[in-house]
Amino acid sequence: MMSNSLSDLAYCAGLMDGEGCITLTRDSESNYRLRVKITSSDYSVLEWLQEHFDGYIHLSRKESKYNKEAWDWICKVEDQVVFLFGILPYTIIKRAQIIEALNYHFEKQNGGKLTEDEYKLRSAYYERLKTMK
């Protein structure tokens, strides 16, 4: 991730508060992944995010009679903690979700077979983040 100014971080916090999503996705019964994304119908905003914070852009919704085309910028897994810590001081709406996501990142075990306690921990974070949307 590139070095960014405070105004860049504040701008991203506004994007996250307005158009962002922080969630745990469940790939299988025991495999949870933290996902940080911002959705927009303005592709140039997402290009700016990618230039400043790396990540991926993909089509989220095709244009239809009722909706504009929209894309997602997805923060790379290895950049999520730095990105979330960077924007945290400037967020309002998503602050609690960011704190919960950071707590999850630092509390979960990495690698190996999940213990029953680890499975319960991840399930609890999954449910809490789901209700915070």
# chains A, B, ... in the order shown; residues from 1 in each chain; ligands from 1
>>> closest_atom_pairs(of="stretch 94-124 of chain A", to="stretch 15-37 of chain A", cutoff="7 Å", atoms="only C-alpha atoms", output="JSON lines")
{"residue": "A:Lys94", "atom": "CA", "partner": "A:Asp17", "partner_atom": "CA", "distance": 5.4}
{"residue": "A:Gln97", "atom": "CA", "partner": "A:Ile22", "partner_atom": "CA", "distance": 6.7}
{"residue": "A:Tyr119", "atom": "CA", "partner": "A:Ser30", "partner_atom": "CA", "distance": 6.3}
>>> select_by_dssp(residues="stretch 16-129 of chain A", states="strand (DSSP E)", output="list in words")
Gly20, Cys21, Ile22, Thr23, Leu24, Thr25, Arg26, Tyr32, Arg33, Leu34, Arg35, Val36, Lys37, Ile38, Thr39, Ser40, Tyr56, Ile57, His58, Leu59, Ser60, Arg61, Ala70, Trp71, Asp72, Trp73 and Ile74 of chain A
>>> residues_around(residues="stretch 108-110 of chain A", least_positions_apart="6", cutoff="10 Å", atoms="only C-alpha atoms", output="list of chain:residue names")
A:Glu118, A:Tyr119, A:Leu121, A:Arg122, A:Tyr125
>>> write_last_selection(atoms="C-alpha atoms", output="JSON list (two decimals), in the first residue's frame")
[["chain", "number", "residue", "atom", "x", "y", "z"],
["A", 118, "GLU", "CA", -11.70, -20.72, 17.52],
["A", 119, "TYR", "CA", -14.77, -21.75, 15.53],
["A", 121, "LEU", "CA", -14.93, -17.01, 18.21],
["A", 122, "ARG", "CA", -15.16, -16.61, 14.44],
["A", 125, "TYR", "CA", -17.58, -12.11, 15.08]]
>>> residues_around(residues="stretch 61-66 of chain A", least_positions_apart="5", cutoff="12 Å", atoms="only C-alpha atoms", output="ChimeraX atom specification")
/A:39-41,71-72
